[in-house]
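The file structure21.cif comes next; it holds mmCIF, N, CA and C atoms and all ligand atoms.
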data_start
#
loop_
_atom_site.label_atom_id
_atom_site.label_comp_id
_atom_site.auth_asym_id
_atom_site.auth_seq_id
_atom_site.Cartn_x
_atom_site.Cartn_y
_atom_site.Cartn_z
N MET E 26 -91.65 -23.63 42.15
CA MET E 26 -91.75 -24.13 40.77
C MET E 26 -91.12 -23.13 39.79
N LYS E 27 -91.54 -21.87 39.96
CA LYS E 27 -90.98 -20.85 39.06
C LYS E 27 -89.46 -20.78 39.14
N LEU E 28 -88.98 -20.91 40.40
CA LEU E 28 -87.54 -20.83 40.63
C LEU E 28 -86.80 -21.95 39.89
N ILE E 29 -87.40 -23.13 39.91
CA ILE E 29 -86.76 -24.28 39.26
C ILE E 29 -86.68 -24.04 37.76
N ILE E 30 -87.77 -23.50 37.21
CA ILE E 30 -87.77 -23.22 35.77
C ILE E 30 -86.70 -22.17 35.43
N ARG E 31 -86.63 -21.13 36.27
CA ARG E 31 -85.62 -20.09 36.05
C ARG E 31 -84.21 -20.66 36.09
N LEU E 32 -83.99 -21.52 37.10
CA LEU E 32 -82.65 -22.11 37.23
C LEU E 32 -82.33 -22.97 36.01
N GLY E 33 -83.36 -23.71 35.56
CA GLY E 33 -83.16 -24.56 34.39
C GLY E 33 -82.80 -23.72 33.18
N LEU E 34 -83.51 -22.60 33.01
CA LEU E 34 -83.24 -21.70 31.89
C LEU E 34 -81.83 -21.13 31.96
N ALA E 35 -81.46 -20.70 33.17
CA ALA E 35 -80.16 -20.07 33.34
C ALA E 35 -79.04 -21.06 32.99
N SER E 36 -79.18 -22.30 33.44
CA SER E 36 -78.09 -23.25 33.15
C SER E 36 -78.09 -23.62 31.67
N ALA E 37 -79.28 -23.63 31.05
CA ALA E 37 -79.31 -23.90 29.62
C ALA E 37 -78.59 -22.79 28.86
N MET E 38 -78.80 -21.55 29.29
CA MET E 38 -78.14 -20.43 28.62
C MET E 38 -76.63 -20.47 28.83
N LEU E 39 -76.22 -20.88 30.03
CA LEU E 39 -74.79 -20.99 30.31
C LEU E 39 -74.15 -22.04 29.41
N ALA E 40 -74.88 -23.11 29.19
CA ALA E 40 -74.33 -24.20 28.38
C ALA E 40 -74.18 -23.76 26.93
N VAL E 41 -75.07 -22.86 26.48
CA VAL E 41 -75.05 -22.43 25.09
C VAL E 41 -73.97 -21.37 24.85
N ALA E 42 -73.72 -20.52 25.85
CA ALA E 42 -72.82 -19.38 25.67
C ALA E 42 -71.45 -19.74 25.09
N PRO E 43 -70.76 -20.74 25.64
CA PRO E 43 -69.42 -21.01 25.11
C PRO E 43 -69.45 -21.37 23.63
N ALA E 44 -70.49 -22.09 23.19
CA ALA E 44 -70.57 -22.46 21.78
C ALA E 44 -70.64 -21.21 20.90
N TRP E 45 -71.44 -20.23 21.34
CA TRP E 45 -71.52 -18.98 20.58
C TRP E 45 -70.18 -18.28 20.53
N LEU E 46 -69.49 -18.28 21.66
CA LEU E 46 -68.19 -17.61 21.70
C LEU E 46 -67.22 -18.26 20.72
N VAL E 47 -67.24 -19.59 20.68
CA VAL E 47 -66.32 -20.30 19.79
C VAL E 47 -66.64 -19.96 18.33
N VAL E 48 -67.94 -19.93 17.99
CA VAL E 48 -68.34 -19.61 16.62
C VAL E 48 -67.90 -18.19 16.26
N ALA E 49 -68.16 -17.23 17.17
CA ALA E 49 -67.78 -15.84 16.90
C ALA E 49 -66.29 -15.73 16.70
N HIS E 50 -65.53 -16.44 17.52
CA HIS E 50 -64.07 -16.37 17.42
C HIS E 50 -63.59 -16.96 16.09
N ALA E 51 -64.20 -18.08 15.70
CA ALA E 51 -63.80 -18.73 14.46
C ALA E 51 -64.07 -17.82 13.27
N GLN E 52 -65.24 -17.13 13.29
CA GLN E 52 -65.57 -16.22 12.18
C GLN E 52 -64.57 -15.08 12.12
N GLU E 53 -64.21 -14.56 13.30
CA GLU E 53 -63.27 -13.45 13.34
C GLU E 53 -61.91 -13.88 12.78
N THR E 54 -61.47 -15.07 13.19
CA THR E 54 -60.18 -15.58 12.72
C THR E 54 -60.19 -15.74 11.20
N THR E 55 -61.30 -16.27 10.67
CA THR E 55 -61.41 -16.45 9.23
C THR E 55 -61.36 -15.10 8.52
N ALA E 56 -62.03 -14.10 9.10
CA ALA E 56 -62.05 -12.77 8.49
C ALA E 56 -60.64 -12.17 8.46
N VAL E 57 -59.90 -12.33 9.54
CA VAL E 57 -58.53 -11.78 9.59
C VAL E 57 -57.65 -12.51 8.58
N ARG E 58 -57.81 -13.83 8.49
CA ARG E 58 -57.01 -14.59 7.52
C ARG E 58 -57.30 -14.11 6.10
N GLY E 59 -58.58 -13.83 5.84
CA GLY E 59 -58.97 -13.35 4.52
C GLY E 59 -58.32 -12.01 4.20
N MET E 60 -58.31 -11.14 5.19
CA MET E 60 -57.66 -9.83 5.00
C MET E 60 -56.16 -10.01 4.77
N ALA E 61 -55.57 -10.86 5.60
CA ALA E 61 -54.12 -11.07 5.53
C ALA E 61 -53.73 -11.70 4.19
N ALA E 62 -54.63 -12.51 3.63
CA ALA E 62 -54.34 -13.17 2.37
C ALA E 62 -54.19 -12.15 1.24
N THR E 63 -54.87 -11.01 1.37
CA THR E 63 -54.76 -9.99 0.31
C THR E 63 -53.38 -9.32 0.35
N CYS E 64 -52.64 -9.49 1.40
CA CYS E 64 -51.30 -8.91 1.51
C CYS E 64 -50.24 -9.86 0.94
N ALA E 65 -50.62 -11.14 0.76
CA ALA E 65 -49.65 -12.18 0.44
C ALA E 65 -49.00 -12.00 -0.93
N ASN E 66 -49.72 -11.43 -1.89
CA ASN E 66 -49.16 -11.23 -3.23
C ASN E 66 -47.84 -10.49 -3.17
N CYS E 67 -47.76 -9.51 -2.32
CA CYS E 67 -46.55 -8.69 -2.25
C CYS E 67 -45.68 -9.05 -1.05
N HIS E 68 -46.32 -9.34 0.08
CA HIS E 68 -45.55 -9.57 1.32
C HIS E 68 -45.29 -11.04 1.59
N GLY E 69 -45.74 -11.93 0.72
CA GLY E 69 -45.50 -13.36 0.89
C GLY E 69 -46.58 -14.02 1.76
N THR E 70 -46.65 -15.35 1.68
CA THR E 70 -47.62 -16.10 2.46
C THR E 70 -47.37 -15.87 3.95
N ASP E 71 -48.45 -15.49 4.67
CA ASP E 71 -48.35 -15.17 6.10
C ASP E 71 -47.27 -14.12 6.39
N GLY E 72 -46.99 -13.29 5.40
CA GLY E 72 -46.05 -12.18 5.61
C GLY E 72 -44.60 -12.57 5.53
N ARG E 73 -44.32 -13.79 5.04
CA ARG E 73 -42.92 -14.20 4.88
C ARG E 73 -42.50 -13.87 3.46
N SER E 74 -41.92 -12.71 3.30
CA SER E 74 -41.59 -12.20 1.98
C SER E 74 -40.42 -12.93 1.36
N ALA E 75 -40.55 -13.20 0.06
CA ALA E 75 -39.47 -13.85 -0.65
C ALA E 75 -38.78 -12.85 -1.58
N GLY E 76 -39.37 -11.68 -1.72
CA GLY E 76 -38.84 -10.71 -2.67
C GLY E 76 -38.32 -9.46 -2.01
N SER E 77 -38.46 -8.34 -2.69
CA SER E 77 -37.89 -7.09 -2.20
C SER E 77 -38.85 -6.33 -1.27
N VAL E 78 -40.13 -6.72 -1.28
CA VAL E 78 -41.10 -6.08 -0.39
C VAL E 78 -40.82 -6.55 1.04
N PRO E 79 -40.84 -5.64 2.01
CA PRO E 79 -40.52 -6.05 3.38
C PRO E 79 -41.49 -7.12 3.90
N GLY E 80 -40.97 -8.09 4.65
CA GLY E 80 -41.81 -9.12 5.25
C GLY E 80 -42.63 -8.55 6.40
N LEU E 81 -43.75 -9.17 6.72
CA LEU E 81 -44.60 -8.70 7.82
C LEU E 81 -44.60 -9.70 8.98
N ALA E 82 -44.18 -10.94 8.72
CA ALA E 82 -44.20 -11.97 9.76
C ALA E 82 -43.32 -11.54 10.93
N GLY E 83 -43.87 -11.65 12.13
CA GLY E 83 -43.12 -11.34 13.34
C GLY E 83 -42.89 -9.86 13.57
N THR E 84 -43.57 -9.01 12.79
CA THR E 84 -43.42 -7.56 12.97
C THR E 84 -44.04 -7.12 14.30
N ASP E 85 -43.34 -6.28 15.02
CA ASP E 85 -43.86 -5.75 16.28
C ASP E 85 -45.22 -5.08 16.04
N LYS E 86 -46.17 -5.41 16.93
CA LYS E 86 -47.55 -4.93 16.76
C LYS E 86 -47.63 -3.40 16.72
N GLY E 87 -46.94 -2.78 17.64
CA GLY E 87 -46.97 -1.31 17.73
C GLY E 87 -46.39 -0.66 16.47
N TYR E 88 -45.28 -1.24 15.99
CA TYR E 88 -44.63 -0.72 14.78
C TYR E 88 -45.57 -0.87 13.58
N PHE E 89 -46.20 -2.05 13.49
CA PHE E 89 -47.11 -2.35 12.39
C PHE E 89 -48.25 -1.33 12.34
N VAL E 90 -48.91 -1.14 13.49
CA VAL E 90 -50.03 -0.21 13.56
C VAL E 90 -49.58 1.20 13.17
N GLN E 91 -48.42 1.61 13.70
CA GLN E 91 -47.91 2.95 13.41
C GLN E 91 -47.66 3.15 11.92
N GLN E 92 -47.05 2.13 11.27
CA GLN E 92 -46.77 2.25 9.83
C GLN E 92 -48.06 2.37 9.04
N MET E 93 -49.05 1.54 9.39
CA MET E 93 -50.33 1.57 8.67
C MET E 93 -51.03 2.92 8.85
N GLN E 94 -50.98 3.44 10.07
CA GLN E 94 -51.60 4.75 10.33
C GLN E 94 -50.85 5.85 9.58
N ASP E 95 -49.51 5.74 9.54
CA ASP E 95 -48.71 6.74 8.83
C ASP E 95 -48.98 6.69 7.32
N PHE E 96 -49.14 5.47 6.79
CA PHE E 96 -49.47 5.34 5.36
C PHE E 96 -50.82 6.02 5.10
N LYS E 97 -51.77 5.69 5.99
CA LYS E 97 -53.14 6.21 5.86
C LYS E 97 -53.15 7.73 5.86
N ALA E 98 -52.37 8.31 6.77
CA ALA E 98 -52.36 9.76 6.96
C ALA E 98 -51.41 10.46 5.99
N GLY E 99 -50.67 9.67 5.20
CA GLY E 99 -49.72 10.26 4.27
C GLY E 99 -48.44 10.74 4.95
N LYS E 100 -48.21 10.31 6.19
CA LYS E 100 -46.99 10.71 6.91
C LYS E 100 -45.78 9.91 6.46
N ARG E 101 -46.01 8.69 6.00
CA ARG E 101 -44.91 7.90 5.46
C ARG E 101 -45.15 7.77 3.97
N SER E 102 -44.17 8.21 3.19
CA SER E 102 -44.36 8.14 1.75
C SER E 102 -44.23 6.69 1.30
N ALA E 103 -44.98 6.34 0.27
CA ALA E 103 -45.04 4.95 -0.17
C ALA E 103 -45.36 4.90 -1.64
N THR E 104 -45.07 3.75 -2.24
CA THR E 104 -45.42 3.57 -3.64
C THR E 104 -46.87 3.06 -3.76
N ILE E 105 -47.27 2.22 -2.81
CA ILE E 105 -48.59 1.60 -2.91
C ILE E 105 -49.35 1.58 -1.59
N MET E 106 -48.61 1.45 -0.47
CA MET E 106 -49.27 1.21 0.82
C MET E 106 -50.18 2.35 1.28
N HIS E 107 -49.90 3.58 0.86
CA HIS E 107 -50.76 4.69 1.28
C HIS E 107 -52.17 4.50 0.74
N GLN E 108 -52.26 3.86 -0.44
CA GLN E 108 -53.60 3.62 -1.01
C GLN E 108 -54.26 2.43 -0.34
N LEU E 109 -53.49 1.38 -0.13
CA LEU E 109 -54.05 0.17 0.49
C LEU E 109 -54.49 0.42 1.93
N ALA E 110 -53.68 1.13 2.68
CA ALA E 110 -53.96 1.33 4.11
C ALA E 110 -55.29 2.04 4.33
N LYS E 111 -55.65 2.90 3.37
CA LYS E 111 -56.90 3.65 3.51
C LYS E 111 -58.13 2.75 3.50
N GLY E 112 -57.98 1.53 2.99
CA GLY E 112 -59.11 0.60 2.92
C GLY E 112 -59.40 -0.11 4.21
N PHE E 113 -58.59 0.12 5.25
CA PHE E 113 -58.78 -0.63 6.49
C PHE E 113 -59.11 0.29 7.66
N SER E 114 -60.07 -0.16 8.49
CA SER E 114 -60.44 0.59 9.69
C SER E 114 -59.36 0.39 10.75
N ASP E 115 -59.39 1.22 11.77
CA ASP E 115 -58.43 1.08 12.87
C ASP E 115 -58.52 -0.30 13.50
N ALA E 116 -59.76 -0.80 13.65
CA ALA E 116 -59.95 -2.12 14.27
C ALA E 116 -59.35 -3.22 13.39
N GLN E 117 -59.50 -3.08 12.07
CA GLN E 117 -58.95 -4.08 11.16
C GLN E 117 -57.42 -4.04 11.16
N ILE E 118 -56.85 -2.85 11.23
CA ILE E 118 -55.39 -2.71 11.30
C ILE E 118 -54.88 -3.39 12.57
N GLU E 119 -55.60 -3.17 13.66
CA GLU E 119 -55.25 -3.80 14.93
C GLU E 119 -55.25 -5.34 14.79
N GLN E 120 -56.31 -5.86 14.16
CA GLN E 120 -56.42 -7.32 13.98
C GLN E 120 -55.28 -7.85 13.11
N LEU E 121 -54.97 -7.12 12.03
CA LEU E 121 -53.88 -7.53 11.15
C LEU E 121 -52.55 -7.50 11.90
N ALA E 122 -52.36 -6.49 12.74
CA ALA E 122 -51.12 -6.36 13.51
C ALA E 122 -50.93 -7.56 14.42
N VAL E 123 -52.02 -7.98 15.09
CA VAL E 123 -51.95 -9.14 15.98
C VAL E 123 -51.64 -10.39 15.16
N TYR E 124 -52.30 -10.51 14.02
CA TYR E 124 -52.12 -11.69 13.16
C TYR E 124 -50.66 -11.80 12.70
N PHE E 125 -50.12 -10.73 12.13
CA PHE E 125 -48.77 -10.81 11.58
C PHE E 125 -47.70 -10.92 12.67
N ALA E 126 -47.95 -10.30 13.81
CA ALA E 126 -46.98 -10.40 14.91
C ALA E 126 -46.84 -11.86 15.36
N ALA E 127 -47.92 -12.62 15.20
CA ALA E 127 -47.91 -14.02 15.66
C ALA E 127 -47.32 -14.98 14.63
N GLN E 128 -47.03 -14.51 13.42
CA GLN E 128 -46.49 -15.39 12.38
C GLN E 128 -44.98 -15.52 12.55
N LYS E 129 -44.49 -16.75 12.32
CA LYS E 129 -43.03 -16.98 12.42
C LYS E 129 -42.33 -16.38 11.20
N LYS E 130 -41.19 -15.76 11.43
CA LYS E 130 -40.45 -15.16 10.32
C LYS E 130 -39.91 -16.21 9.37
C1 LIG E 201 -49.24 -4.44 -4.31
C2 LIG E 201 -48.28 -4.91 -3.35
C3 LIG E 201 -48.65 -4.80 -1.86
C4 LIG E 201 -49.75 -5.31 -1.23
C5 LIG E 201 -50.95 -6.05 -1.83
C6 LIG E 201 -49.58 -5.00 0.18
N1 LIG E 201 -48.40 -4.34 0.38
FE1 LIG E 201 -47.69 -3.64 2.19
N2 LIG E 201 -46.04 -2.89 1.24
C7 LIG E 201 -45.82 -2.92 -0.13
C8 LIG E 201 -44.63 -2.14 -0.43
C9 LIG E 201 -44.04 -1.96 -1.82
C10 LIG E 201 -44.16 -1.62 0.79
C11 LIG E 201 -43.02 -0.62 1.01
C12 LIG E 201 -43.66 0.77 1.13
C13 LIG E 201 -44.26 1.22 -0.20
O1 LIG E 201 -43.50 1.49 -1.13
O2 LIG E 201 -45.51 1.33 -0.32
C14 LIG E 201 -45.06 -2.13 1.84
C15 LIG E 201 -44.91 -1.86 3.19
C16 LIG E 201 -45.76 -2.31 4.18
C17 LIG E 201 -45.59 -2.10 5.60
C18 LIG E 201 -44.41 -1.44 6.26
C19 LIG E 201 -43.35 -2.53 6.50
C20 LIG E 201 -42.11 -2.03 7.18
O3 LIG E 201 -41.27 -2.89 7.50
O4 LIG E 201 -41.94 -0.84 7.43
C21 LIG E 201 -46.66 -2.65 6.23
C22 LIG E 201 -46.92 -2.68 7.73
C23 LIG E 201 -47.51 -3.23 5.20
N3 LIG E 201 -46.93 -3.00 3.97
C24 LIG E 201 -48.68 -3.87 5.45
C25 LIG E 201 -49.49 -4.44 4.47
C26 LIG E 201 -50.74 -5.11 4.76
C27 LIG E 201 -51.32 -5.32 6.13
C28 LIG E 201 -51.24 -5.53 3.56
C29 LIG E 201 -52.54 -6.26 3.29
C30 LIG E 201 -53.72 -5.67 3.84
C31 LIG E 201 -50.32 -5.10 2.52
N4 LIG E 201 -49.27 -4.45 3.12
C32 LIG E 201 -50.49 -5.35 1.16
C33 LIG E 201 -46.56 -3.59 -1.06
C34 LIG E 201 -47.79 -4.20 -0.84
#
In structure tokens, how does this file's structure come out?
Ligand code: HEC
Amino acid sequence: MKLIIRLGLASAMLAVAPAWLVVAHAQETTAVRGMAATCANCHGTDGRSAGSVPGLAGTDKGYFVQQMQDFKAGKRSATIMHQLAKGFSDAQIEQLAVYFAAQKK
């Protein structure tokens, strides 16, 4: 009897797990979109720049992360990005890099 209850519980938990994963993923995606939206004023919607600021869409992930880290550390001189980059954690920079690399130029 106990075994049957345990099995029932285990399968109920398995059925619930994917739903949680989907919710967590959706929240993460929304958070990254929100962060990326703050870049749009200068870098264009989804990083497709229409002006003189360099576009971010389709930027190589490794290059993106390196530039952000260099801005943060003051290794790359900048007019504005050195200040902005300081507001993001390494994990957030990583997420932004993945997001922009996936955008079409
Ligand atoms: C106020 C305008 C502005 C905003 C907002 C802004 N940027 Fe920038 N970004 C610039 C400018 C200007 C440059 C060129 C370097 C400089 O002068 O700071 C640049 C350069 C960059 C570069 C280097 C591009 C290359 O090709 O070398 C990256 C990466 C970058 N920005 C990422 C971001 C991200 C991510 C955000 C949003 C979190 C963001 N920027 C928001 C103005 C902006």
- Message: Can you work out which residues are within 6.5 Å of ligand LIG 201 (chain E), considering all atoms listed in the file, and then hand them over as a PyMOL selection string?
- Response: chain E and resi 60-68+78-81+88-90+92-93+102-107+109+121
- Message: Based on the backbone DSSP call, show me all residues of chain E assigned helix (DSSP H, G or I), as a ChimeraX atom specification.
- Response: /E:27-62,65-68,70-72,86-98,106-110,115-126
- Task: Scan for residues within 12 Å of the point (-49.9, -13.7, 12.8) in the coordinates of the file, using only C-alpha atoms, and reply as number ranges by chain.
- Result: E: 54, 57-58, 60-62, 70-73, 80-86, 89, 119-130
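Between atom C of Ala44 (chain E) and atom N of Asp115 (chain E) lies a distance of 26.7 Å.
For the residues E:Lys97, E:Ala75, E:Gly59, E:Gln91, ranking by smallest atom-to-atom distance to Lys111 (chain E) using all atoms listed in the file places E:Lys97 first.
Atom to atom, CA of Gly112 (chain E) and CA of Asp95 (chain E) stand 13.4 Å apart.
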- Task: Between atom N of Thr55 (chain E) and atom C of Gln117 (chain E), measure the distance and give it in Å to one decimal.
- Result: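 Spanning atom N of Thr55 (chain E) to atom C of Gln117 (chain E) is a straight-line distance of 12.8 Å.
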Please give the centre and size of the box around region 67-82 of chain E (axis-aligned, containing every atom listed in the file, 3 Å added per side), with values in Å to one decimal and written as AutoDock Vina command-line options.
--center_x -43.2 --center_y -10.9 --center_z 4.1 --size_x 16.6 --size_y 16.5 --size_z 19.6
